[in-house]
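Since the structure comes first, as C-alpha cells, the remarks are kept for the end.
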Amino acid sequence: MQQVMEASRVERHSAAALIDRTTGIQAEDVHAWFDRLHALRGISMTVAERKITAVIGPSGCGKSTFLRCLNRMHELVPGARVNGKVVMDGQDIYRPGVDPVQVRRRVGMVFQKPNPFPTMSIYDNVAAGLKLAGERSRRVLDQVVEQSLHAAALWDEVKDRLNKPGTSLSGGQQQRLCIARALAVSPEVLLMDEPASALDPASTLRIEELARELAKDITIVIVTHNMQQAARVSDFTGFFLDGELIEFGVTNDIFTRPKDRRTEDYITGRFG
Amino acid sequence: MGVVTFLCTVALLVPLFLILAFLARTGAGALNWDFFTKLPGAAGEPGGGMANAIAGTVLLIVLAGLLGIPIGVLGGVFMAEYPNARLTTLARFTADVMNGVPSIVMGLFAYVLVVLPLRHFSALSGGIALGVMLVPTVMRTTEEIVRLVPQSIREASLALGIPQWRTTLLVVIPTAAAGIVTGVMVGVARIAGETAPLLFTAFGNRFWNWNILQPVAALPLQIFSYAISPFDDWHRQAWAGALVLVAIVLIVNIAARAAANRQVKLR
C-alpha cells in the first residue's frame, strides 16, 4: 500500500493543462422513466464545483440512472424518458434546441467496466474523442495524449508502448486509460459510474487517489455502492433509495450523524 | 446415442472428401497451362482452355460484389443498430425468405429486370442476379456480427460526444470488421459456383468479353455445357473446370477463416 502511494505521488501531474473550465450542476425535480418504470422520482440536488459528489444507495435505487441524466445518456435507452431541469453554467441542458452530443462533449463519463476501444492502440484510444471529432494536427494530438495520460497517472507506465492495443493493459490501467480518454476532450464535469467496482483493491485505491487529484481542477460525480469508498473520496454524499434522494449533505455528516433513519440503516449495513 | 452422432458426423464428411478426391483425380489430368490461358477450342477438337470462363467468373463476382456487398453490409449495420425498427423486422424476414428462394428464380428476376429491357444477355444481368443473391447472406451475417459489438463500446464513444452515425462508422464497424469480411467472403464463395441464375442472364460466351453489356462466359456454365457434350476431351475439361471452381471456393473460405482468426477478441 505504501508503495502504491509513493509511486503515484511521483508521477502526479495536474489535469489543469486540459481542463480550462469547470462548472457545478443543479438538478431540479428530475424524473426518469424506463417505459412504464418510474426510476427517478423528482431528484433535486446540487453538485458543487471542483468537488467530488458521491451518490450511494442499494442496487436499483436509480443512482446510475441519475448519473446518466447528467450527460443525456439515459435517453439513449429505447423507451427511456427524462423530465425536469439539469442546469449547468446557468443553462438547462434539457431545454429545447440543445444538442445532446454537445452536452456529452462537456460532461465526460467513465463506466463501471473499463471499455477501451478494442481495435485501437493506447494512443488512439486517448486521441479518439478529438480524432473522431475531426482534429487532424499530429502536434495537437501528441500533446493532448501526453497531457491526458499524465493527468490520469498512466503516462509513465505506457509511454514506451503507446502503439500497443489498449486492451493489452491490466484492468486498473484500462480504467485509467478510459479516464485519460474522457479527459482528452477537456470536459467541464466528469461522471464516474462505479469506476472501481471491477478492479482489485490496489487499483481501486489508485482510482480513488486519482479522483481526489482531478477534483482540484474538475467537478466530479461518482456513483458507488461501496460506502467506504464514498467516505474516503467524496466531499458531498447523496443517499438514493427507490428513485428518491433521501438525504444529501457533507460526506462526513452523512456518515457520522445521518438525519434520516433510512440513511442510518443503510450505512450501518442493516440493508442493501 | 454417442455412436449415432459420431456416425452422422462421419456421414457428413464422406461426400465432401469423395467429391474432393474424385475431382482431384479426374480433373487434375486435364489441367495444363493451356487450360488457364486459351479460349475453348472448336467443337470436337481436342485442346483449348477455359481462360475466358475463369475471367468471366471473376468479372461476375466483381459485379455481384459491387452491388451486393455495400447494400448487404450497410443494411446489416442498420439492422443491428436499430434492432427494434419496423424496417429491421421486415428486412430480416425478407432476407430469410430470399435465402430460401431457388437460385433459378433469381435468374428469372434478373432476366425480366435487365435482359428483357436491354434485349440481350449480358454480364451485367448475371452480376445483378448473383448480387441480389449475395445481399441477404451478407446482410444477416453482418447484422449478427455487429450485434456482438458490446453496448459498452458504443456508449464509450457516445459519451465522448461523438454523434451516433460517426460512432457507428468509425467505432462499431471497425470493431466488427474482421467478422464482416468473413461474412462477405462466405457469401461470395456461395455465389461463385451458382449456375442456374446465369443460364439466361450471363448466358455464356466462347470468346473473350469485358463488355458488361455483352454475354460473358462463366465456369459453372462452361462446366455444364461441356459435361453434356458428346466429346471425351470436353468431359475431361469439365472435370478440370469443376476442380478449379472448387479450388476458388476453398481458397476464399480459407481466407475468410484467416480473417476471422484475426478478429479482435470482443468479449
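Residue numbers start at 1 in each chain; chains themselves are named A, B, ... in the order of the C-alpha cells; ligands are numbered from 1 in the order shown.
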
Contact check, chain B to chain A, at most 10 Å, counting only C-alpha atoms, closest pairs as a tab-separated table:
```
residue	atom	partner	partner_atom	distance
B:Tyr82	CA	A:Pro78	CA	9.9
B:Asn84	CA	A:Pro78	CA	8.7
B:Val149	CA	A:Pro118	CA	9.9
B:Pro150	CA	A:Asn115	CA	9.3
B:Gln151	CA	A:Asn115	CA	9.8
B:Ser152	CA	A:Asn115	CA	6.3
B:Ile153	CA	A:Asn115	CA	6.1
B:Arg154	CA	A:Phe117	CA	9.1
B:Glu155	CA	A:Met73	CA	8.2
B:Ala156	CA	A:Asn115	CA	6.8
B:Ser157	CA	A:Gly129	CA	7.6
B:Leu158	CA	A:Arg104	CA	7.4
B:Ala159	CA	A:Arg104	CA	5.5
B:Leu160	CA	A:Arg105	CA	5.6
B:Gly161	CA	A:Arg105	CA	4.3
B:Ile162	CA	A:Val101	CA	6.5
B:Pro163	CA	A:Val101	CA	6.0
B:Gln164	CA	A:Val101	CA	8.7
B:Arg166	CA	A:Leu132	CA	7.3
B:Thr167	CA	A:Leu132	CA	8.3
B:Leu170	CA	A:Leu132	CA	7.4
B:Val171	CA	A:Phe117	CA	7.5
B:Val172	CA	A:Phe117	CA	9.3
B:Pro174	CA	A:Thr119	CA	7.0
B:Thr175	CA	A:Thr119	CA	5.8
B:Ala176	CA	A:Thr119	CA	9.2
B:Ala177	CA	A:Thr119	CA	9.6
B:Gln263	CA	A:Thr119	CA	9.4
B:Val264	CA	A:Thr119	CA	6.8
B:Lys265	CA	A:Pro118	CA	7.8
B:Leu266	CA	A:Pro118	CA	7.1
B:Arg267	CA	A:Pro118	CA	9.5
```

Prev. selection, N, CA and C atoms, output as an mmCIF file, in the first residue's frame:
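Now in out12.cif:
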```
data_model
loop_
_atom_site.group_PDB
_atom_site.id
_atom_site.type_symbol
_atom_site.label_atom_id
_atom_site.label_comp_id
_atom_site.auth_asym_id
_atom_site.auth_seq_id
_atom_site.Cartn_x
_atom_site.Cartn_y
_atom_site.Cartn_z
ATOM 1 N N TYR B 82 -30.424 -0.590 -35.216
ATOM 2 C CA TYR B 82 -31.810 -0.254 -34.909
ATOM 3 C C TYR B 82 -32.638 -1.537 -34.863
ATOM 4 N N ASN B 84 -35.021 -2.580 -33.192
ATOM 5 C CA ASN B 84 -36.460 -2.552 -32.946
ATOM 6 C C ASN B 84 -37.253 -1.820 -34.019
ATOM 7 N N VAL B 149 -20.874 -6.544 -31.100
ATOM 8 C CA VAL B 149 -20.061 -5.446 -30.552
ATOM 9 C C VAL B 149 -20.732 -4.978 -29.261
ATOM 10 N N PRO B 150 -20.016 -5.043 -28.132
ATOM 11 C CA PRO B 150 -20.663 -4.750 -26.850
ATOM 12 C C PRO B 150 -21.228 -3.335 -26.806
ATOM 13 N N GLN B 151 -22.383 -3.209 -26.149
ATOM 14 C CA GLN B 151 -23.025 -1.908 -25.992
ATOM 15 C C GLN B 151 -22.068 -0.922 -25.324
ATOM 16 N N SER B 152 -21.205 -1.436 -24.434
ATOM 17 C CA SER B 152 -20.316 -0.542 -23.682
ATOM 18 C C SER B 152 -19.355 0.199 -24.608
ATOM 19 N N ILE B 153 -19.014 -0.414 -25.754
ATOM 20 C CA ILE B 153 -18.118 0.250 -26.705
ATOM 21 C C ILE B 153 -18.841 1.424 -27.360
ATOM 22 N N ARG B 154 -20.114 1.189 -27.716
ATOM 23 C CA ARG B 154 -20.895 2.281 -28.309
ATOM 24 C C ARG B 154 -21.055 3.417 -27.311
ATOM 25 N N GLU B 155 -21.368 3.043 -26.052
ATOM 26 C CA GLU B 155 -21.591 4.070 -25.026
ATOM 27 C C GLU B 155 -20.325 4.874 -24.792
ATOM 28 N N ALA B 156 -19.169 4.196 -24.811
ATOM 29 C CA ALA B 156 -17.908 4.901 -24.601
ATOM 30 C C ALA B 156 -17.755 5.990 -25.649
ATOM 31 N N SER B 157 -18.099 5.665 -26.881
ATOM 32 C CA SER B 157 -17.956 6.630 -27.964
ATOM 33 C C SER B 157 -18.983 7.761 -27.843
ATOM 34 N N LEU B 158 -20.249 7.387 -27.589
ATOM 35 C CA LEU B 158 -21.296 8.413 -27.472
ATOM 36 C C LEU B 158 -21.002 9.352 -26.311
ATOM 37 N N ALA B 159 -20.450 8.799 -25.209
ATOM 38 C CA ALA B 159 -20.172 9.623 -24.034
ATOM 39 C C ALA B 159 -19.035 10.602 -24.294
ATOM 40 N N LEU B 160 -18.247 10.345 -25.342
ATOM 41 C CA LEU B 160 -17.191 11.298 -25.695
ATOM 42 C C LEU B 160 -17.749 12.443 -26.537
ATOM 43 N N GLY B 161 -19.051 12.416 -26.788
ATOM 44 C CA GLY B 161 -19.648 13.455 -27.604
ATOM 45 C C GLY B 161 -19.450 13.200 -29.084
ATOM 46 N N ILE B 162 -19.391 11.938 -29.452
ATOM 47 C CA ILE B 162 -19.279 11.588 -30.866
ATOM 48 C C ILE B 162 -20.681 11.219 -31.347
ATOM 49 N N PRO B 163 -21.140 11.839 -32.439
ATOM 50 C CA PRO B 163 -22.511 11.581 -32.898
ATOM 51 C C PRO B 163 -22.723 10.103 -33.235
ATOM 52 N N GLN B 164 -23.993 9.697 -33.163
ATOM 53 C CA GLN B 164 -24.359 8.300 -33.401
ATOM 54 C C GLN B 164 -23.785 7.742 -34.701
ATOM 55 N N ARG B 166 -21.276 8.727 -36.550
ATOM 56 C CA ARG B 166 -19.819 8.599 -36.545
ATOM 57 C C ARG B 166 -19.387 7.439 -35.660
ATOM 58 N N THR B 167 -20.113 7.245 -34.575
ATOM 59 C CA THR B 167 -19.837 6.114 -33.692
ATOM 60 C C THR B 167 -19.984 4.812 -34.469
ATOM 61 N N LEU B 170 -17.105 4.781 -37.357
ATOM 62 C CA LEU B 170 -15.685 4.818 -37.003
ATOM 63 C C LEU B 170 -15.330 3.961 -35.792
ATOM 64 N N VAL B 171 -16.330 3.529 -35.029
ATOM 65 C CA VAL B 171 -16.032 2.687 -33.865
ATOM 66 C C VAL B 171 -16.650 1.299 -34.019
ATOM 67 N N VAL B 172 -17.950 1.255 -34.313
ATOM 68 C CA VAL B 172 -18.636 -0.038 -34.335
ATOM 69 C C VAL B 172 -18.186 -0.893 -35.529
ATOM 70 N N PRO B 174 -15.414 -0.735 -37.516
ATOM 71 C CA PRO B 174 -14.051 -1.266 -37.399
ATOM 72 C C PRO B 174 -13.930 -2.391 -36.372
ATOM 73 N N THR B 175 -14.683 -2.291 -35.283
ATOM 74 C CA THR B 175 -14.616 -3.341 -34.269
ATOM 75 C C THR B 175 -15.129 -4.659 -34.842
ATOM 76 N N ALA B 176 -16.122 -4.584 -35.727
ATOM 77 C CA ALA B 176 -16.723 -5.791 -36.285
ATOM 78 C C ALA B 176 -16.124 -6.169 -37.634
ATOM 79 N N ALA B 177 -15.119 -5.400 -38.092
ATOM 80 C CA ALA B 177 -14.672 -5.514 -39.490
ATOM 81 C C ALA B 177 -14.275 -6.930 -39.902
ATOM 82 N N GLN B 263 -9.800 -11.686 -35.944
ATOM 83 C CA GLN B 263 -10.836 -10.881 -35.293
ATOM 84 C C GLN B 263 -10.405 -10.529 -33.864
ATOM 85 N N VAL B 264 -10.525 -9.264 -33.542
ATOM 86 C CA VAL B 264 -10.212 -8.821 -32.183
ATOM 87 C C VAL B 264 -11.172 -9.518 -31.213
ATOM 88 N N LYS B 265 -10.621 -9.969 -30.108
ATOM 89 C CA LYS B 265 -11.483 -10.598 -29.104
ATOM 90 C C LYS B 265 -12.454 -9.564 -28.558
ATOM 91 N N LEU B 266 -13.743 -9.792 -28.804
ATOM 92 C CA LEU B 266 -14.722 -8.774 -28.444
ATOM 93 C C LEU B 266 -15.126 -8.860 -26.978
ATOM 94 N N ARG B 267 -15.068 -10.034 -26.421
ATOM 95 C CA ARG B 267 -15.533 -10.153 -25.040
ATOM 96 C C ARG B 267 -14.434 -10.589 -24.101
#
```

Item to check | Non-local contacts of Leu210 in chain A (8 Å; only C-alpha atoms; under 4 positions in same chain excluded) as a VMD selection string | outcome: chain A and resid 152 to 153 206 214

Next on the checklist: List as a PyMOL selection string the protein and nucleic acid residues near Arg36 in chain A, meaning an atom at most 9 Å away when only C-alpha atoms are counted, but skip any in the same chain fewer than 3 places from it.
Outcome noted: chain A and resi 33+79-80

How would the residues just chosen look if you wrote them out with C-alpha atoms as a JSON list (two decimals), in the first residue's frame?
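Wrote again-v2.json, looks like this:
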```
[["chain", "number", "residue", "atom", "x", "y", "z"],
["A", 33, "TRP", "CA", -38.57, 6.51, -16.75],
["A", 79, "GLY", "CA", -38.29, 3.73, -24.23],
["A", 80, "ALA", "CA", -36.41, 5.93, -21.74]]
```

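Within the 10 Å cut-off around range 252-257 of chain A, using only C-alpha atoms and omitting residues fewer than 3 positions from it on the same chain, the listed residues are Met227, Gln228, Ala230, Ala231, Arg232, Ser234, Asp235, Phe236, Thr237, Gly238, Phe239, Glu247, Phe248, Gly249, Asp260, Thr263, Glu264, Ile267 and Thr268 of chain A.
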
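CA of Leu243 in chain B lies 5.8 Å from CA of Gly27 in chain B.
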
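Across the model, the gap from CA of Lys159 in chain A to CA of Glu146 in chain A is 8.3 Å.
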
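Across the model, the gap from CA of His74 in chain A to CA of Gln173 in chain A is 27.0 Å.
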
Next on the checklist: I need the residues in range 17-192 of chain B that are helix (DSSP H, G or I) according to DSSP; give them as a ChimeraX atom specification.
Outcome noted: /B:17-28,33-37,51-81,86-100,103-118,123-148,151-159,164-192

Checklist entry - Of the candidates A:Gln143, A:Ser186, A:Asn83, A:Ser121, which shows the shortest atom-to-atom distance to Phe66 in chain A, using only C-alpha atoms? => result A:Asn83

Item to check | Residue neighbourhood Gly241 in chain B, 12 Å, only C-alpha atoms, exclusion window fewer than 4 positions, as a PyMOL selection string | outcome: chain B and resi 23-24+26-32+35-36+40+49-54+57+193+218-227+234-237+245-248

Take the residues from that selection and put them in a file with C-alpha atoms, as an mmCIF file, in the first residue's frame.
```cif
data_model
loop_
_atom_site.group_PDB
_atom_site.id
_atom_site.type_symbol
_atom_site.label_atom_id
_atom_site.label_comp_id
_atom_site.auth_asym_id
_atom_site.auth_seq_id
_atom_site.Cartn_x
_atom_site.Cartn_y
_atom_site.Cartn_z
ATOM 1 C CA LEU B 23 -12.352 -34.142 -58.634
ATOM 2 C CA ALA B 24 -8.636 -34.099 -57.951
ATOM 3 C CA THR B 26 -10.279 -36.805 -62.704
ATOM 4 C CA GLY B 27 -9.794 -33.091 -63.065
ATOM 5 C CA ALA B 28 -6.083 -32.768 -62.424
ATOM 6 C CA GLY B 29 -5.305 -34.833 -65.516
ATOM 7 C CA ALA B 30 -6.881 -32.251 -67.794
ATOM 8 C CA LEU B 31 -5.284 -29.294 -66.045
ATOM 9 C CA ASN B 32 -2.444 -27.758 -68.008
ATOM 10 C CA PHE B 35 -6.473 -24.622 -69.670
ATOM 11 C CA PHE B 36 -5.711 -21.347 -67.891
ATOM 12 C CA PRO B 40 -12.227 -23.039 -75.837
ATOM 13 C CA GLY B 49 -8.938 -23.999 -72.365
ATOM 14 C CA MET B 50 -11.291 -22.089 -70.150
ATOM 15 C CA ALA B 51 -9.364 -18.839 -69.680
ATOM 16 C CA ASN B 52 -12.360 -16.745 -70.686
ATOM 17 C CA ALA B 53 -14.660 -18.626 -68.305
ATOM 18 C CA ILE B 54 -12.286 -18.128 -65.372
ATOM 19 C CA THR B 57 -16.468 -15.790 -63.288
ATOM 20 C CA GLY B 193 -20.445 -21.657 -58.022
ATOM 21 C CA ALA B 218 -18.600 -18.379 -66.550
ATOM 22 C CA LEU B 219 -17.002 -21.508 -65.125
ATOM 23 C CA PRO B 220 -20.228 -23.154 -63.940
ATOM 24 C CA LEU B 221 -21.882 -22.565 -67.329
ATOM 25 C CA GLN B 222 -18.852 -23.880 -69.177
ATOM 26 C CA ILE B 223 -18.741 -26.976 -66.982
ATOM 27 C CA PHE B 224 -22.410 -27.564 -67.627
ATOM 28 C CA SER B 225 -22.212 -27.274 -71.416
ATOM 29 C CA TYR B 226 -19.008 -29.354 -71.615
ATOM 30 C CA ALA B 227 -20.413 -32.031 -69.334
ATOM 31 C CA TRP B 234 -14.599 -31.711 -73.143
ATOM 32 C CA HIS B 235 -15.692 -34.100 -70.381
ATOM 33 C CA ARG B 236 -12.144 -34.058 -69.043
ATOM 34 C CA GLN B 237 -12.063 -30.269 -69.258
ATOM 35 C CA LEU B 245 -14.118 -23.825 -59.215
ATOM 36 C CA VAL B 246 -13.897 -25.848 -56.014
ATOM 37 C CA ALA B 247 -10.348 -24.582 -55.517
ATOM 38 C CA ILE B 248 -11.535 -20.971 -55.838
#
```

Checklist entry - What are the DSSP strand (DSSP E or B) residues of range 70-248 of chain A, as a PyMOL selection string? => result chain A and resi 80-88+91-92+107-110+121+165+189-193+219-223+236-241+244-248

Would you save the residues from that selection as an mmCIF file, in the first residue's frame, using N, CA and C atoms?
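What follows is the written file out.cif:
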```cif
data_model
loop_
_atom_site.group_PDB
_atom_site.id
_atom_site.type_symbol
_atom_site.label_atom_id
_atom_site.label_comp_id
_atom_site.auth_asym_id
_atom_site.auth_seq_id
_atom_site.Cartn_x
_atom_site.Cartn_y
_atom_site.Cartn_z
ATOM 1 N N ALA A 80 -36.771 5.137 -22.914
ATOM 2 C CA ALA A 80 -36.415 5.931 -21.741
ATOM 3 C C ALA A 80 -36.848 7.382 -21.915
ATOM 4 N N ARG A 81 -37.200 8.032 -20.791
ATOM 5 C CA ARG A 81 -37.665 9.409 -20.824
ATOM 6 C C ARG A 81 -37.116 10.175 -19.624
ATOM 7 N N VAL A 82 -36.932 11.479 -19.785
ATOM 8 C CA VAL A 82 -36.456 12.326 -18.690
ATOM 9 C C VAL A 82 -37.345 13.553 -18.612
ATOM 10 N N ASN A 83 -37.583 14.000 -17.383
ATOM 11 C CA ASN A 83 -38.350 15.216 -17.161
ATOM 12 C C ASN A 83 -37.642 16.022 -16.080
ATOM 13 N N GLY A 84 -37.716 17.337 -16.155
ATOM 14 C CA GLY A 84 -37.073 18.168 -15.137
ATOM 15 C C GLY A 84 -35.922 18.959 -15.721
ATOM 16 N N LYS A 85 -35.185 19.628 -14.836
ATOM 17 C CA LYS A 85 -34.111 20.503 -15.296
ATOM 18 C C LYS A 85 -32.767 20.025 -14.769
ATOM 19 N N VAL A 86 -31.744 20.121 -15.625
ATOM 20 C CA VAL A 86 -30.373 19.920 -15.164
ATOM 21 C C VAL A 86 -29.602 21.160 -15.629
ATOM 22 N N VAL A 87 -29.250 22.007 -14.679
ATOM 23 C CA VAL A 87 -28.669 23.308 -15.032
ATOM 24 C C VAL A 87 -27.150 23.275 -14.869
ATOM 25 N N MET A 88 -26.482 23.604 -15.945
ATOM 26 C CA MET A 88 -25.020 23.744 -15.927
ATOM 27 C C MET A 88 -24.704 25.130 -16.441
ATOM 28 N N GLN A 91 -27.555 27.242 -17.611
ATOM 29 C CA GLN A 91 -28.407 26.818 -18.723
ATOM 30 C C GLN A 91 -28.894 25.387 -18.502
ATOM 31 N N ASP A 92 -30.167 25.162 -18.754
ATOM 32 C CA ASP A 92 -30.731 23.818 -18.631
ATOM 33 C C ASP A 92 -30.308 22.972 -19.835
ATOM 34 N N VAL A 107 -19.585 16.935 -20.683
ATOM 35 C CA VAL A 107 -19.685 16.107 -19.482
ATOM 36 C C VAL A 107 -19.117 14.729 -19.796
ATOM 37 N N GLY A 108 -17.910 14.467 -19.345
ATOM 38 C CA GLY A 108 -17.262 13.192 -19.634
ATOM 39 C C GLY A 108 -17.780 12.090 -18.731
ATOM 40 N N MET A 109 -17.558 10.830 -19.154
ATOM 41 C CA MET A 109 -18.077 9.719 -18.357
ATOM 42 C C MET A 109 -17.114 8.545 -18.349
ATOM 43 N N VAL A 110 -16.986 7.938 -17.176
ATOM 44 C CA VAL A 110 -16.187 6.721 -17.017
ATOM 45 C C VAL A 110 -17.129 5.637 -16.519
ATOM 46 N N SER A 121 -5.094 1.452 -30.536
ATOM 47 C CA SER A 121 -3.918 1.465 -29.676
ATOM 48 C C SER A 121 -4.186 2.349 -28.459
ATOM 49 N N PRO A 165 -2.147 -2.329 -28.285
ATOM 50 C CA PRO A 165 -3.601 -2.223 -28.123
ATOM 51 C C PRO A 165 -3.982 -1.787 -26.702
ATOM 52 N N VAL A 189 -17.153 18.553 -16.612
ATOM 53 C CA VAL A 189 -17.564 17.723 -15.485
ATOM 54 C C VAL A 189 -17.173 16.290 -15.826
ATOM 55 N N LEU A 190 -16.821 15.508 -14.812
ATOM 56 C CA LEU A 190 -16.501 14.095 -15.045
ATOM 57 C C LEU A 190 -17.448 13.233 -14.208
ATOM 58 N N LEU A 191 -18.163 12.344 -14.895
ATOM 59 C CA LEU A 191 -19.056 11.419 -14.207
ATOM 60 C C LEU A 191 -18.368 10.059 -14.113
ATOM 61 N N MET A 192 -18.427 9.442 -12.937
ATOM 62 C CA MET A 192 -17.801 8.127 -12.773
ATOM 63 C C MET A 192 -18.849 7.160 -12.231
ATOM 64 N N ASP A 193 -19.152 6.137 -13.036
ATOM 65 C CA ASP A 193 -20.203 5.189 -12.666
ATOM 66 C C ASP A 193 -19.558 3.929 -12.085
ATOM 67 N N THR A 219 -15.068 19.257 -11.652
ATOM 68 C CA THR A 219 -16.172 18.751 -10.852
ATOM 69 C C THR A 219 -16.376 17.271 -11.146
ATOM 70 N N ILE A 220 -16.518 16.462 -10.092
ATOM 71 C CA ILE A 220 -16.681 15.022 -10.292
ATOM 72 C C ILE A 220 -17.938 14.543 -9.571
ATOM 73 N N VAL A 221 -18.715 13.703 -10.261
ATOM 74 C CA VAL A 221 -19.811 12.998 -9.611
ATOM 75 C C VAL A 221 -19.487 11.515 -9.700
ATOM 76 N N ILE A 222 -19.484 10.827 -8.571
ATOM 77 C CA ILE A 222 -19.123 9.416 -8.578
ATOM 78 C C ILE A 222 -20.252 8.593 -7.965
ATOM 79 N N VAL A 223 -20.670 7.560 -8.706
ATOM 80 C CA VAL A 223 -21.661 6.628 -8.188
ATOM 81 C C VAL A 223 -20.907 5.449 -7.604
ATOM 82 N N PHE A 236 -19.163 15.595 -0.794
ATOM 83 C CA PHE A 236 -20.596 15.564 -0.504
ATOM 84 C C PHE A 236 -21.139 14.199 -0.883
ATOM 85 N N THR A 237 -22.202 13.794 -0.192
ATOM 86 C CA THR A 237 -22.793 12.496 -0.497
ATOM 87 C C THR A 237 -24.307 12.635 -0.550
ATOM 88 N N GLY A 238 -24.895 11.973 -1.553
ATOM 89 C CA GLY A 238 -26.343 11.879 -1.622
ATOM 90 C C GLY A 238 -26.738 10.422 -1.488
ATOM 91 N N PHE A 239 -27.743 10.131 -0.652
ATOM 92 C CA PHE A 239 -28.191 8.755 -0.495
ATOM 93 C C PHE A 239 -29.509 8.573 -1.236
ATOM 94 N N PHE A 240 -29.518 7.633 -2.189
ATOM 95 C CA PHE A 240 -30.701 7.367 -3.007
ATOM 96 C C PHE A 240 -31.367 6.086 -2.523
ATOM 97 N N LEU A 241 -32.710 6.091 -2.571
ATOM 98 C CA LEU A 241 -33.452 4.863 -2.273
ATOM 99 C C LEU A 241 -34.735 4.881 -3.100
ATOM 100 N N GLU A 244 -35.560 7.998 -5.075
ATOM 101 C CA GLU A 244 -35.663 9.297 -4.417
ATOM 102 C C GLU A 244 -34.360 9.624 -3.703
ATOM 103 N N LEU A 245 -34.093 10.927 -3.600
ATOM 104 C CA LEU A 245 -32.925 11.374 -2.841
ATOM 105 C C LEU A 245 -33.368 11.486 -1.388
ATOM 106 N N ILE A 246 -32.893 10.565 -0.537
ATOM 107 C CA ILE A 246 -33.346 10.543 0.854
ATOM 108 C C ILE A 246 -32.631 11.618 1.663
ATOM 109 N N GLU A 247 -31.311 11.706 1.431
ATOM 110 C CA GLU A 247 -30.557 12.668 2.235
ATOM 111 C C GLU A 247 -29.344 13.136 1.456
ATOM 112 N N PHE A 248 -29.002 14.390 1.606
ATOM 113 C CA PHE A 248 -27.834 14.929 0.918
ATOM 114 C C PHE A 248 -27.094 15.851 1.864
#
```

Item to check | Spatial neighbours of Val249 in chain B, max dist 9 Å, only C-alpha atoms, sep filter under 2 positions, as a PyMOL selection string | outcome: chain B and resi 186+188-190+192-193+244-247+251-254

Kindly save the residues from that selection, with N, CA and C atoms included, as a PDB file, in the first residue's frame.
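Generated output (selection-v3.pdb):
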```pdb
ATOM      1  N   VAL B 186     -17.736 -15.639 -47.267  1.00  0.00           N
ATOM      2  CA  VAL B 186     -18.568 -16.846 -47.315  1.00  0.00           C
ATOM      3  C   VAL B 186     -19.688 -16.659 -48.333  1.00  0.00           C
ATOM      4  N   VAL B 188     -19.622 -14.690 -50.964  1.00  0.00           N
ATOM      5  CA  VAL B 188     -19.031 -14.701 -52.301  1.00  0.00           C
ATOM      6  C   VAL B 188     -18.729 -16.134 -52.731  1.00  0.00           C
ATOM      7  N   ALA B 189     -18.195 -16.934 -51.802  1.00  0.00           N
ATOM      8  CA  ALA B 189     -17.892 -18.324 -52.133  1.00  0.00           C
ATOM      9  C   ALA B 189     -19.154 -19.055 -52.565  1.00  0.00           C
ATOM     10  N   ARG B 190     -20.267 -18.714 -51.914  1.00  0.00           N
ATOM     11  CA  ARG B 190     -21.517 -19.385 -52.245  1.00  0.00           C
ATOM     12  C   ARG B 190     -21.981 -19.057 -53.656  1.00  0.00           C
ATOM     13  N   ALA B 192     -20.172 -17.948 -56.125  1.00  0.00           N
ATOM     14  CA  ALA B 192     -19.180 -18.205 -57.174  1.00  0.00           C
ATOM     15  C   ALA B 192     -19.532 -19.441 -57.985  1.00  0.00           C
ATOM     16  N   GLY B 193     -20.157 -20.410 -57.338  1.00  0.00           N
ATOM     17  CA  GLY B 193     -20.445 -21.657 -58.022  1.00  0.00           C
ATOM     18  C   GLY B 193     -21.848 -21.753 -58.591  1.00  0.00           C
ATOM     19  N   VAL B 244     -11.139 -26.444 -60.581  1.00  0.00           N
ATOM     20  CA  VAL B 244     -10.727 -25.042 -60.418  1.00  0.00           C
ATOM     21  C   VAL B 244     -11.770 -24.267 -59.611  1.00  0.00           C
ATOM     22  N   LEU B 245     -13.040 -24.510 -59.920  1.00  0.00           N
ATOM     23  CA  LEU B 245     -14.118 -23.825 -59.215  1.00  0.00           C
ATOM     24  C   LEU B 245     -14.083 -24.147 -57.723  1.00  0.00           C
ATOM     25  N   VAL B 246     -13.955 -25.443 -57.415  1.00  0.00           N
ATOM     26  CA  VAL B 246     -13.897 -25.848 -56.014  1.00  0.00           C
ATOM     27  C   VAL B 246     -12.668 -25.235 -55.345  1.00  0.00           C
ATOM     28  N   ALA B 247     -11.564 -25.171 -56.084  1.00  0.00           N
ATOM     29  CA  ALA B 247     -10.348 -24.582 -55.517  1.00  0.00           C
ATOM     30  C   ALA B 247     -10.571 -23.113 -55.189  1.00  0.00           C
ATOM     31  N   ILE B 251     -10.286 -21.601 -51.496  1.00  0.00           N
ATOM     32  CA  ILE B 251      -9.331 -20.530 -51.163  1.00  0.00           C
ATOM     33  C   ILE B 251     -10.058 -19.363 -50.491  1.00  0.00           C
ATOM     34  N   VAL B 252     -11.223 -19.003 -51.049  1.00  0.00           N
ATOM     35  CA  VAL B 252     -11.986 -17.908 -50.445  1.00  0.00           C
ATOM     36  C   VAL B 252     -12.383 -18.265 -49.020  1.00  0.00           C
ATOM     37  N   ASN B 253     -12.811 -19.524 -48.816  1.00  0.00           N
ATOM     38  CA  ASN B 253     -13.216 -19.936 -47.475  1.00  0.00           C
ATOM     39  C   ASN B 253     -12.057 -19.910 -46.493  1.00  0.00           C
ATOM     40  N   ILE B 254     -10.890 -20.374 -46.957  1.00  0.00           N
ATOM     41  CA  ILE B 254      -9.724 -20.380 -46.070  1.00  0.00           C
ATOM     42  C   ILE B 254      -9.315 -18.943 -45.728  1.00  0.00           C
TER      43      ILE B 254
END
```

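Those residues that approach Ser125 in chain B to within 7 Å, counting only C-alpha atoms, are Ala110, Tyr111, Val114, Val115, Thr201 and Ala202 of chain B; same-chain residues fewer than 5 positions away are not listed.
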
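The residue that comes closest to Leu87 in chain B, out of B:Ile128, B:Arg25, B:Gly75, B:Leu169 and on the basis of only C-alpha atoms, is B:Gly75.
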